[in-house]
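A.B. asks: See query14.cif below, with mmCIF, C-alpha atoms.
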data_model
#
loop_
_atom_site.label_atom_id
_atom_site.label_comp_id
_atom_site.auth_asym_id
_atom_site.auth_seq_id
_atom_site.Cartn_x
_atom_site.Cartn_y
_atom_site.Cartn_z
CA MET B 28 0.00 0.00 0.00
CA ASN B 29 1.58 3.25 -1.07
CA LYS B 30 0.99 6.99 -1.00
CA SER B 31 -1.61 6.96 -3.77
CA PHE B 32 -3.73 4.54 -1.80
CA PHE B 33 -3.81 6.83 1.22
CA LYS B 34 -4.47 9.83 -0.98
CA GLY B 35 -7.50 8.02 -2.38
CA LEU B 36 -8.58 7.07 1.10
CA ARG B 37 -8.38 10.71 2.20
CA HIS B 38 -10.34 11.91 -0.84
CA SER B 39 -13.03 9.34 -0.11
CA LEU B 40 -13.79 10.52 3.43
CA PRO B 41 -16.67 12.87 2.52
CA ILE B 42 -18.17 10.18 0.26
CA ALA B 43 -17.86 7.62 3.03
CA ILE B 44 -19.70 9.84 5.50
CA GLY B 45 -22.44 10.73 3.00
CA TYR B 46 -22.86 7.06 2.10
CA PHE B 47 -23.33 6.11 5.71
CA ALA B 48 -26.22 8.57 6.00
CA VAL B 49 -27.92 7.50 2.77
CA SER B 50 -27.49 3.77 3.28
CA PHE B 51 -28.72 4.26 6.84
CA SER B 52 -32.06 5.38 5.40
CA PHE B 53 -31.92 2.41 3.03
CA GLY B 54 -31.54 0.13 6.06
CA ILE B 55 -34.52 1.77 7.74
CA LEU B 56 -36.53 1.11 4.58
CA THR B 57 -35.63 -2.56 4.27
CA ALA B 58 -36.48 -3.10 7.96
CA LYS B 59 -40.11 -2.47 6.96
CA TYR B 60 -40.03 -5.38 4.50
CA LEU B 61 -39.12 -8.27 6.78
CA LYS B 62 -41.63 -10.67 5.27
CA PHE B 63 -39.96 -10.38 1.87
CA GLY B 64 -36.71 -11.78 3.22
CA PHE B 65 -34.94 -8.59 4.25
CA SER B 66 -32.78 -9.01 7.33
CA ALA B 67 -29.74 -7.17 8.65
CA VAL B 68 -27.62 -9.74 6.80
CA SER B 69 -29.46 -9.79 3.47
CA SER B 70 -29.77 -5.99 3.42
CA GLY B 71 -26.05 -5.71 4.16
CA ILE B 72 -25.16 -8.18 1.42
CA LEU B 73 -27.41 -6.32 -0.99
CA SER B 74 -25.54 -3.07 -0.30
CA LEU B 75 -22.11 -4.72 -0.35
CA THR B 76 -22.67 -6.45 -3.70
CA ASN B 77 -24.51 -3.64 -5.50
CA VAL B 78 -23.32 -0.27 -4.16
CA THR B 79 -25.99 1.67 -6.04
CA SER B 80 -28.46 3.95 -4.34
CA ALA B 81 -31.28 4.34 -6.88
CA GLY B 82 -31.01 0.73 -8.04
CA GLN B 83 -31.32 -0.63 -4.51
CA PHE B 84 -34.21 1.61 -3.46
CA ALA B 85 -36.11 0.61 -6.60
CA ALA B 86 -35.33 -3.05 -5.98
CA VAL B 87 -37.05 -3.05 -2.58
CA THR B 88 -40.33 -2.00 -4.18
CA ALA B 89 -39.83 -4.49 -7.00
CA ILE B 90 -39.14 -7.37 -4.62
CA ALA B 91 -42.16 -6.47 -2.49
CA GLY B 92 -44.22 -6.46 -5.68
CA GLY B 93 -43.05 -9.97 -6.54
CA ALA B 94 -41.04 -8.97 -9.60
CA GLY B 95 -39.76 -11.65 -11.96
CA LEU B 96 -36.02 -12.10 -12.35
CA VAL B 97 -35.95 -10.81 -15.92
CA GLU B 98 -38.01 -7.84 -14.82
CA MET B 99 -35.50 -7.17 -12.03
CA ALA B 100 -32.57 -7.46 -14.44
CA ILE B 101 -34.17 -4.98 -16.86
CA LEU B 102 -34.99 -2.58 -14.02
CA GLN B 103 -31.40 -2.59 -12.79
CA PHE B 104 -30.08 -2.30 -16.33
CA ILE B 105 -32.16 0.81 -17.00
CA ILE B 106 -31.48 2.51 -13.68
CA ASN B 107 -27.76 1.73 -13.71
CA LEU B 108 -26.97 2.20 -17.39
CA ARG B 109 -25.41 5.57 -16.54
CA TYR B 110 -22.51 3.66 -14.99
CA ALA B 111 -21.59 2.43 -18.45
CA LEU B 112 -21.37 6.01 -19.71
CA MET B 113 -19.27 6.89 -16.68
CA GLY B 114 -17.16 3.80 -17.28
CA PHE B 115 -16.32 4.82 -20.85
CA SER B 116 -15.44 8.29 -19.62
CA LEU B 117 -13.36 6.99 -16.71
CA ASN B 118 -11.64 4.56 -19.05
CA GLN B 119 -10.01 7.48 -20.84
CA LYS B 120 -8.35 8.53 -17.58
CA LEU B 121 -6.84 5.15 -16.71
CA PRO B 122 -3.29 4.22 -17.67
CA GLU B 123 -3.37 2.05 -20.78
CA ASN B 124 -1.21 -0.61 -19.16
CA MET B 125 -3.53 -1.17 -16.19
CA SER B 126 -4.13 -4.91 -15.96
CA LEU B 127 -7.44 -6.58 -16.66
CA PHE B 128 -7.57 -7.76 -13.06
CA GLN B 129 -7.05 -4.26 -11.69
CA ARG B 130 -9.71 -2.88 -14.04
CA SER B 131 -12.15 -5.58 -12.92
CA VAL B 132 -11.53 -4.63 -9.30
CA ILE B 133 -11.99 -0.88 -9.60
CA ALA B 134 -15.06 -1.30 -11.83
CA PHE B 135 -16.85 -2.72 -8.81
CA GLY B 136 -16.90 0.52 -6.84
CA ASN B 137 -17.40 2.99 -9.68
CA THR B 138 -20.36 4.83 -8.18
CA ASP B 139 -21.66 8.30 -9.08
CA GLU B 140 -19.68 10.03 -6.37
CA ILE B 141 -16.48 8.03 -6.75
CA PHE B 142 -16.55 8.68 -10.47
CA ALA B 143 -17.10 12.39 -9.78
CA VAL B 144 -14.09 12.61 -7.48
CA ALA B 145 -11.92 10.44 -9.75
CA ILE B 146 -12.42 12.52 -12.89
CA SER B 147 -11.71 15.76 -11.04
CA GLY B 148 -8.32 14.45 -9.90
CA LYS B 149 -4.93 14.03 -11.59
CA TYR B 150 -4.60 11.63 -14.52
CA PRO B 151 -3.80 8.94 -15.25
CA LEU B 152 -5.51 7.44 -12.24
CA SER B 153 -3.50 4.69 -10.62
CA PHE B 154 -4.98 1.42 -9.41
CA GLN B 155 -3.84 2.21 -5.87
CA TYR B 156 -5.55 5.59 -5.87
CA MET B 157 -8.82 4.13 -7.18
CA LEU B 158 -8.67 1.33 -4.64
CA GLY B 159 -8.12 3.83 -1.83
CA LEU B 160 -11.01 5.89 -3.13
CA GLU B 161 -13.42 2.95 -3.21
CA VAL B 162 -12.71 0.79 -0.20
CA LEU B 163 -14.04 3.02 2.57
CA PRO B 164 -17.27 4.18 0.84
CA VAL B 165 -18.15 0.56 -0.01
CA PHE B 166 -17.59 -0.32 3.63
CA THR B 167 -19.69 2.56 5.04
CA TRP B 168 -22.40 1.93 2.44
CA THR B 169 -22.69 -1.61 3.79
CA ALA B 170 -22.26 -0.70 7.46
CA GLY B 171 -24.79 2.14 7.22
CA THR B 172 -27.37 -0.26 5.79
CA VAL B 173 -26.91 -2.76 8.60
CA VAL B 174 -26.93 -0.11 11.34
CA GLY B 175 -29.96 1.59 9.78
CA PHE B 176 -31.77 -1.75 9.68
CA LEU B 177 -30.99 -2.56 13.31
CA ALA B 178 -31.27 0.87 14.89
CA GLY B 179 -33.22 3.14 12.57
CA GLU B 180 -34.43 5.34 15.39
CA ILE B 181 -31.10 6.44 16.86
CA LEU B 182 -30.35 9.13 14.29
CA PRO B 183 -32.76 12.10 14.49
CA LYS B 184 -34.61 12.63 11.22
CA SER B 185 -33.37 16.23 11.00
CA VAL B 186 -29.77 14.98 10.92
CA SER B 187 -30.35 12.26 8.34
CA THR B 188 -32.23 14.57 5.94
CA ALA B 189 -29.52 17.22 6.29
CA LEU B 190 -26.87 14.61 5.44
CA GLY B 191 -28.96 13.43 2.51
CA ILE B 192 -28.11 16.61 0.62
CA ALA B 193 -24.38 16.18 1.29
CA LEU B 194 -23.92 13.85 -1.70
CA TYR B 195 -25.59 16.36 -4.01
CA GLY B 196 -23.34 19.05 -2.52
CA MET B 197 -20.31 16.99 -3.50
CA LEU B 198 -21.52 16.56 -7.06
CA ILE B 199 -22.17 20.32 -7.27
CA SER B 200 -18.65 21.05 -6.08
CA ILE B 201 -17.33 18.96 -8.99
CA VAL B 202 -19.48 20.52 -11.71
CA THR B 203 -19.57 24.24 -10.86
CA PRO B 204 -15.85 25.16 -11.04
CA VAL B 205 -15.50 23.52 -14.47
CA ALA B 206 -18.76 25.07 -15.69
CA ARG B 207 -17.45 28.44 -14.55
CA LYS B 208 -14.16 28.02 -16.41
CA GLU B 209 -15.33 26.43 -19.68
CA LYS B 210 -18.17 27.97 -21.64
CA SER B 211 -18.74 24.69 -23.52
CA VAL B 212 -19.23 22.77 -20.28
CA ARG B 213 -21.54 25.50 -19.01
CA THR B 214 -23.66 25.18 -22.14
CA VAL B 215 -23.95 21.39 -22.12
CA VAL B 216 -24.72 21.41 -18.39
CA LEU B 217 -27.57 23.86 -18.97
CA ILE B 218 -28.95 21.70 -21.77
CA SER B 219 -28.74 18.62 -19.58
CA VAL B 220 -30.48 20.33 -16.66
CA MET B 221 -33.25 21.67 -18.90
CA LEU B 222 -33.83 18.20 -20.36
CA SER B 223 -33.80 16.70 -16.89
CA CYS B 224 -36.43 19.17 -15.67
CA LEU B 225 -38.49 18.58 -18.80
CA LEU B 226 -38.48 14.82 -18.22
CA PHE B 227 -39.25 15.31 -14.53
CA TYR B 228 -42.12 17.75 -14.76
CA THR B 229 -43.85 16.93 -18.05
CA PRO B 230 -46.86 14.63 -17.68
CA PHE B 231 -46.31 11.27 -19.41
CA LEU B 232 -42.56 11.93 -19.81
CA ASN B 233 -42.28 11.83 -16.02
CA LYS B 234 -43.21 8.13 -16.18
CA ILE B 235 -39.69 7.47 -17.46
CA ASN B 236 -37.54 5.90 -14.78
CA SER B 237 -35.24 8.48 -13.19
CA GLY B 238 -32.10 6.45 -13.87
CA PHE B 239 -32.94 6.13 -17.53
CA ALA B 240 -33.86 9.83 -17.67
CA VAL B 241 -30.28 10.60 -16.59
CA VAL B 242 -28.99 8.49 -19.48
CA ILE B 243 -31.22 10.35 -21.98
CA CYS B 244 -30.08 13.77 -20.69
CA THR B 245 -26.41 12.74 -20.66
CA VAL B 246 -26.41 11.30 -24.16
CA ILE B 247 -28.28 14.19 -25.82
CA SER B 248 -26.42 17.04 -24.12
CA SER B 249 -22.99 15.42 -24.49
CA ALA B 250 -23.70 14.74 -28.17
CA VAL B 251 -24.65 18.40 -28.66
CA GLY B 252 -21.38 19.31 -26.98
CA ALA B 253 -19.38 16.94 -29.18
CA VAL B 254 -20.89 18.38 -32.37
CA PHE B 255 -20.77 22.07 -31.49
CA PHE B 256 -17.75 22.21 -29.18
CA PRO B 257 -15.40 19.37 -30.14
CA VAL B 258 -12.52 19.29 -27.67
CA LYS B 259 -9.00 19.83 -29.01
CA GLU B 260 -6.56 16.94 -28.51
CA GLU B 261 -4.44 18.54 -25.79
CA GLU B 262 -7.42 19.39 -23.58
CA ASN B 263 -8.04 15.69 -23.16
CA GLU B 264 -4.49 14.98 -22.12
CA VAL B 265 -4.92 16.70 -18.75
CA MET H 12 -44.06 -15.81 -8.25
CA ARG H 13 -41.65 -14.50 -5.63
CA TYR H 14 -38.05 -15.64 -5.42
CA ASN H 15 -35.65 -15.97 -2.55
CA ILE H 16 -34.10 -12.61 -1.69
CA TYR H 17 -30.59 -13.84 -2.38
CA ILE H 18 -31.54 -14.79 -5.93
CA TYR H 19 -32.79 -11.24 -6.49
CA ILE H 20 -29.58 -9.87 -4.99
CA LEU H 21 -27.47 -12.09 -7.25
CA VAL H 22 -29.32 -10.96 -10.39
CA MET H 23 -28.98 -7.30 -9.38
CA ALA H 24 -25.30 -7.61 -8.52
CA VAL H 25 -24.42 -9.38 -11.79
CA VAL H 26 -26.29 -6.89 -13.99
CA THR H 27 -24.83 -3.89 -12.16
CA TYR H 28 -21.30 -5.24 -12.15
CA LEU H 29 -21.36 -6.03 -15.87
CA ILE H 30 -22.55 -2.49 -16.64
CA ARG H 31 -19.64 -1.14 -14.64
CA ALA H 32 -16.97 -3.58 -15.75
CA LEU H 33 -17.51 -3.96 -19.51
CA PRO H 34 -16.52 -0.39 -20.45
CA LEU H 35 -13.31 -0.71 -18.42
CA THR H 36 -12.30 -4.18 -19.54
CA VAL H 37 -13.67 -5.43 -22.87
CA PHE H 38 -13.70 -2.01 -24.52
CA ASN H 39 -10.46 -0.80 -23.05
CA LYS H 40 -8.84 0.57 -26.21
CA LYS H 41 -8.03 4.27 -26.01
CA ILE H 42 -10.43 6.18 -28.25
CA LYS H 43 -8.88 8.46 -30.88
CA ASN H 44 -12.00 9.85 -32.60
CA LYS H 45 -12.35 13.57 -31.85
CA TYR H 46 -16.12 13.51 -31.53
CA ILE H 47 -16.32 10.46 -29.29
CA LEU H 48 -13.55 11.91 -27.13
CA SER H 49 -15.47 15.17 -26.85
CA PHE H 50 -18.66 13.30 -26.02
CA LEU H 51 -16.86 11.49 -23.20
CA HIS H 52 -15.26 14.74 -22.05
CA TYR H 53 -18.74 16.17 -21.42
CA VAL H 54 -20.30 13.03 -19.91
CA PRO H 55 -19.22 13.64 -16.30
CA TYR H 56 -20.70 17.12 -16.18
CA THR H 57 -23.92 16.42 -18.08
CA CYS H 58 -24.52 13.17 -16.22
CA LEU H 59 -23.90 14.62 -12.76
CA SER H 60 -25.95 17.74 -13.41
CA ALA H 61 -28.91 15.71 -14.69
CA MET H 62 -28.70 13.72 -11.47
CA ILE H 63 -28.59 16.86 -9.32
CA LEU H 64 -31.46 18.78 -10.87
CA PRO H 65 -34.29 18.72 -10.16
CA ALA H 66 -33.86 15.73 -7.80
CA ILE H 67 -31.99 17.77 -5.18
CA PHE H 68 -35.11 19.83 -4.50
CA TYR H 69 -36.84 16.70 -3.23
CA SER H 70 -33.92 15.31 -1.24
CA THR H 71 -34.83 16.90 2.11
CA SER H 72 -38.08 17.18 4.06
CA SER H 73 -39.03 20.47 2.41
CA ILE H 74 -38.28 22.14 -0.90
CA ILE H 75 -37.36 25.35 0.96
CA SER H 76 -34.49 23.79 2.89
CA ALA H 77 -33.40 21.98 -0.26
CA VAL H 78 -33.22 25.25 -2.21
CA ALA H 79 -31.16 26.73 0.64
CA GLY H 80 -28.75 23.79 0.58
CA PHE H 81 -28.55 23.89 -3.22
CA SER H 82 -27.84 27.64 -3.26
CA VAL H 83 -25.11 27.36 -0.66
CA ALA H 84 -23.49 24.51 -2.59
CA VAL H 85 -23.58 26.33 -5.95
CA ILE H 86 -22.15 29.57 -4.49
CA LEU H 87 -19.34 27.79 -2.65
CA GLY H 88 -18.68 25.56 -5.66
CA TYR H 89 -18.48 28.62 -7.89
CA PHE H 90 -15.77 30.03 -5.63
CA LYS H 91 -13.93 26.70 -5.90
CA LYS H 92 -14.32 25.64 -2.29
CA GLY H 93 -13.37 22.01 -1.74
CA LEU H 94 -15.68 19.05 -1.89
CA VAL H 95 -15.91 18.64 1.88
CA THR H 96 -16.57 22.33 2.53
CA VAL H 97 -19.36 22.38 -0.04
CA ALA H 98 -20.98 19.15 1.14
CA VAL H 99 -20.84 20.05 4.83
CA SER H 100 -22.02 23.64 4.30
CA ALA H 101 -24.99 22.45 2.25
CA SER H 102 -25.93 20.03 5.02
CA ILE H 103 -25.62 22.72 7.69
CA ALA H 104 -27.78 25.07 5.60
CA VAL H 105 -30.48 22.40 5.29
CA PHE H 106 -30.30 21.61 9.00
CA ALA H 107 -30.50 25.30 9.98
CA VAL H 108 -33.41 26.09 7.66
CA GLU H 109 -35.35 23.04 8.84
CA MET H 110 -34.75 24.03 12.46
CA ILE H 111 -36.06 27.53 11.77
CA MET H 112 -39.08 26.11 9.91
CA HIS H 113 -39.73 23.80 12.82
CA ILE H 114 -39.82 26.71 15.26
CA TYR H 115 -42.17 28.85 13.18
#
Could I get this structure in the form of structure tokens?
C.D. replies:
Amino acid sequence: MNKSFFKGLRHSLPIAIGYFAVSFSFGILTAKYLKFGFSAVSSGILSLTNVTSAGQFAAVTAIAGGAGLVEMAILQFIINLRYALMGFSLNQKLPENMSLFQRSVIAFGNTDEIFAVAISGKYPLSFQYMLGLEVLPVFTWTAGTVVGFLAGEILPKSVSTALGIALYGMLISIVTPVARKEKSVRTVVLISVMLSCLLFYTPFLNKINSGFAVVICTVISSAVGAVFFPVKEEENEV
Amino acid sequence: MRYNIYIYILVMAVVTYLIRALPLTVFNKKIKNKYILSFLHYVPYTCLSAMILPAIFYSTSSIISAVAGFSVAVILGYFKKGLVTVAVSASIAVFAVEMIMHIY
């Protein structure tokens, strides 16, 4: 374990804390679905093996509704498809000689927030740094779920809702400085937000699953950016 | 019919992992095309912002506290404050506004 690992660990602290709060509320939720097989152990394993917020919350409802396995697979595919887009983007920031094994390991913990922190860092991203970035959030995501399941009442609601916005705050801190600096980013971000609001508030369109809506917004606005503001070679070699 | 919870968990974990792993492993050639590179350059920002808005407004117990937290985060982010500062300040803003709303 070297310096990069500890650097990643340090960068992951705010994510780890935010994850504890969010997965805590996930644990509280699953505790209400005991008869569908949720226990402290199964909820913990669910969080440990999936590490997705939206996907897991949606799954609880699906399981309670007696979803089929194909239905569940499609649901997760749609909600989590954004990770593929993030994966392709992250892939550009990894050293070309990173081994298949190392890639398979870091792919596991590529969540929204970890991706956000990773792409705002120095490239190329080393395996050690990515590992350091992922290990603690995955742990607190799991631990928060179990603790939330067992002791949902200990954390006052005012504290858990306040912490709920922390993850959004982190994402905002990643986007705003770049949007301020680059007019092209500012433009595509505005397009994406407008599309997102359109899909959220328009009757009928708001039936689209929120995870898939993110994919639609990302693909359209990034494509507009690629056509109207193609990035020069050197800007990508940060 | 309803399946054992661990079967559901397995299906979910496999689907989610494949989505995450395939772009990093099978398609791991560096892309040279200018337009695809540009597309991928914008993905982080468009993807994250679509996730933030408008969902953030419904992430707390009232839209008013959420707007307060959002505003604090955007202002601090604009002035390039670090990730932790922004996240913690947004949480404090939400907490404070909800306390005030609770009193009145």
A.B. asks: With only C-alpha atoms as the atoms that count, which of B:Val216, B:Leu121, B:Leu112, B:Ile44 lies nearest to Thr169 of chain B?
C.D. replies: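 Ranked by minimum distance to Thr169 of chain B, first place goes to B:Ile44.
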A.B. asks: For His52 of chain H, which residue among B:Phe115, B:Tyr195, B:Tyr150, B:Phe166 is the nearest when counting only C-alpha atoms?
C.D. replies: B:Phe115
A.B. asks: Return as a ChimeraX atom specification the set of residues that the PyMOL selection byres ((chain H and resi 74-89) around 6) yields on the displayed structure.
C.D. replies: /B:196,200,203-204 /H:68,71,73,90-92,97,101,104-105,108
A.B. asks: Would you kindly report the residues of chain H within 6 Å of chain B, using only C-alpha atoms, as a ChimeraX atom specification?
C.D. replies: /H:13,16,20,24,30-32,34-35,46,49-51,53-54,56-58,61,65,71,84,88-89,91,94-95,97-98,102,105-106
A.B. asks: So how far away is atom CA of Thr167 of chain B from atom CA of Val87 of chain B, in Å?
C.D. replies: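 Going from atom CA of Val87 of chain B over to atom CA of Thr167 of chain B covers 19.8 Å.
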A.B. asks: From the list B:Ala43, B:Val49, B:Lys30, B:Leu182, which residue is nearest Leu163 of chain B when using all atoms listed in the file?
C.D. replies: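 Looking at the shortest contact to Leu163 of chain B, the residue is B:Ala43.
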A.B. asks: Which value, in Å to one decimal, gives the distance between atom CA of Ala145 of chain B and atom CA of Arg37 of chain B?
C.D. replies: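 Answer for the atom CA of Ala145 of chain B to atom CA of Arg37 of chain B separation: 12.5 Å.
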A.B. asks: Between atom CA of Val162 of chain B and atom CA of Phe32 of chain B, what is the distance, to one decimal in Å?
C.D. replies: 9.9 Å
A.B. asks: For Ala66 of chain H, which of B:Ala67, B:Leu56, B:Ala81, B:Leu61 is the closest residue, counting only C-alpha atoms?
C.D. replies: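 Comparing B:Ala67, B:Leu56, B:Ala81, B:Leu61 against Ala66 of chain H, the winner is B:Ala81.
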A.B. asks: Using the file's own x, y and z axes, so that the box edges lie along x, y and z, what centre and edge lengths in Å (one decimal) does a box around every listed atom of segment 101-113 of chain H get when 8 Å is added on each side? Give it as JSON.
C.D. replies:
{"center_x": -32.4, "center_y": 23.8, "center_z": 7.5, "size_x": 30.7, "size_y": 23.5, "size_z": 26.6}
A.B. asks: Find, counting all atoms listed in the file, the residue in B:Pro183, B:Pro230, B:Gly35, B:Gly171 that gets nearest to Leu152 of chain B.
C.D. replies: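 Nearest candidate to Leu152 of chain B out of B:Pro183, B:Pro230, B:Gly35, B:Gly171: B:Gly35.
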A.B. asks: Kindly add N, CA and C atoms to the incomplete segment 132-145 of chain B and provide the output as a PDB file, in the coordinates of the input.
C.D. replies:
ATOM      1  N   VAL B 132     -11.363  -4.967 -10.710  1.00  0.00           N
ATOM      2  CA  VAL B 132     -11.530  -4.630  -9.300  1.00  0.00           C
ATOM      3  C   VAL B 132     -12.107  -3.226  -9.139  1.00  0.00           C
ATOM      4  N   ILE B 133     -11.509  -2.251  -9.817  1.00  0.00           N
ATOM      5  CA  ILE B 133     -11.990  -0.880  -9.600  1.00  0.00           C
ATOM      6  C   ILE B 133     -13.364  -0.638 -10.227  1.00  0.00           C
ATOM      7  N   ALA B 134     -13.738  -1.460 -11.218  1.00  0.00           N
ATOM      8  CA  ALA B 134     -15.060  -1.300 -11.830  1.00  0.00           C
ATOM      9  C   ALA B 134     -16.152  -1.510 -10.777  1.00  0.00           C
ATOM     10  N   PHE B 135     -15.863  -2.356  -9.822  1.00  0.00           N
ATOM     11  CA  PHE B 135     -16.850  -2.720  -8.810  1.00  0.00           C
ATOM     12  C   PHE B 135     -17.380  -1.526  -8.034  1.00  0.00           C
ATOM     13  N   GLY B 136     -16.486  -0.602  -7.690  1.00  0.00           N
ATOM     14  CA  GLY B 136     -16.900   0.520  -6.840  1.00  0.00           C
ATOM     15  C   GLY B 136     -17.044   1.823  -7.584  1.00  0.00           C
ATOM     16  N   ASN B 137     -17.255   1.745  -8.914  1.00  0.00           N
ATOM     17  CA  ASN B 137     -17.400   2.990  -9.680  1.00  0.00           C
ATOM     18  C   ASN B 137     -18.805   3.557  -9.530  1.00  0.00           C
ATOM     19  N   THR B 138     -19.049   4.238  -8.432  1.00  0.00           N
ATOM     20  CA  THR B 138     -20.360   4.830  -8.180  1.00  0.00           C
ATOM     21  C   THR B 138     -20.374   6.274  -8.691  1.00  0.00           C
ATOM     22  N   ASP B 139     -21.524   6.916  -8.621  1.00  0.00           N
ATOM     23  CA  ASP B 139     -21.660   8.300  -9.080  1.00  0.00           C
ATOM     24  C   ASP B 139     -20.617   9.202  -8.427  1.00  0.00           C
ATOM     25  N   GLU B 140     -20.527   9.104  -7.118  1.00  0.00           N
ATOM     26  CA  GLU B 140     -19.680  10.030  -6.370  1.00  0.00           C
ATOM     27  C   GLU B 140     -18.205   9.708  -6.532  1.00  0.00           C
ATOM     28  N   ILE B 141     -17.879   8.420  -6.574  1.00  0.00           N
ATOM     29  CA  ILE B 141     -16.480   8.030  -6.750  1.00  0.00           C
ATOM     30  C   ILE B 141     -15.998   8.438  -8.139  1.00  0.00           C
ATOM     31  N   PHE B 142     -16.857   8.235  -9.116  1.00  0.00           N
ATOM     32  CA  PHE B 142     -16.550   8.680 -10.470  1.00  0.00           C
ATOM     33  C   PHE B 142     -16.316  10.192 -10.485  1.00  0.00           C
ATOM     34  N   ALA B 143     -17.204  10.932  -9.806  1.00  0.00           N
ATOM     35  CA  ALA B 143     -17.100  12.390  -9.780  1.00  0.00           C
ATOM     36  C   ALA B 143     -15.761  12.835  -9.211  1.00  0.00           C
ATOM     37  N   VAL B 144     -15.356  12.228  -8.111  1.00  0.00           N
ATOM     38  CA  VAL B 144     -14.090  12.610  -7.480  1.00  0.00           C
ATOM     39  C   VAL B 144     -12.915  12.161  -8.362  1.00  0.00           C
ATOM     40  N   ALA B 145     -13.015  10.972  -8.929  1.00  0.00           N
ATOM     41  CA  ALA B 145     -11.920  10.440  -9.750  1.00  0.00           C
ATOM     42  C   ALA B 145     -11.635  11.331 -10.953  1.00  0.00           C
TER      43      ALA B 145
END
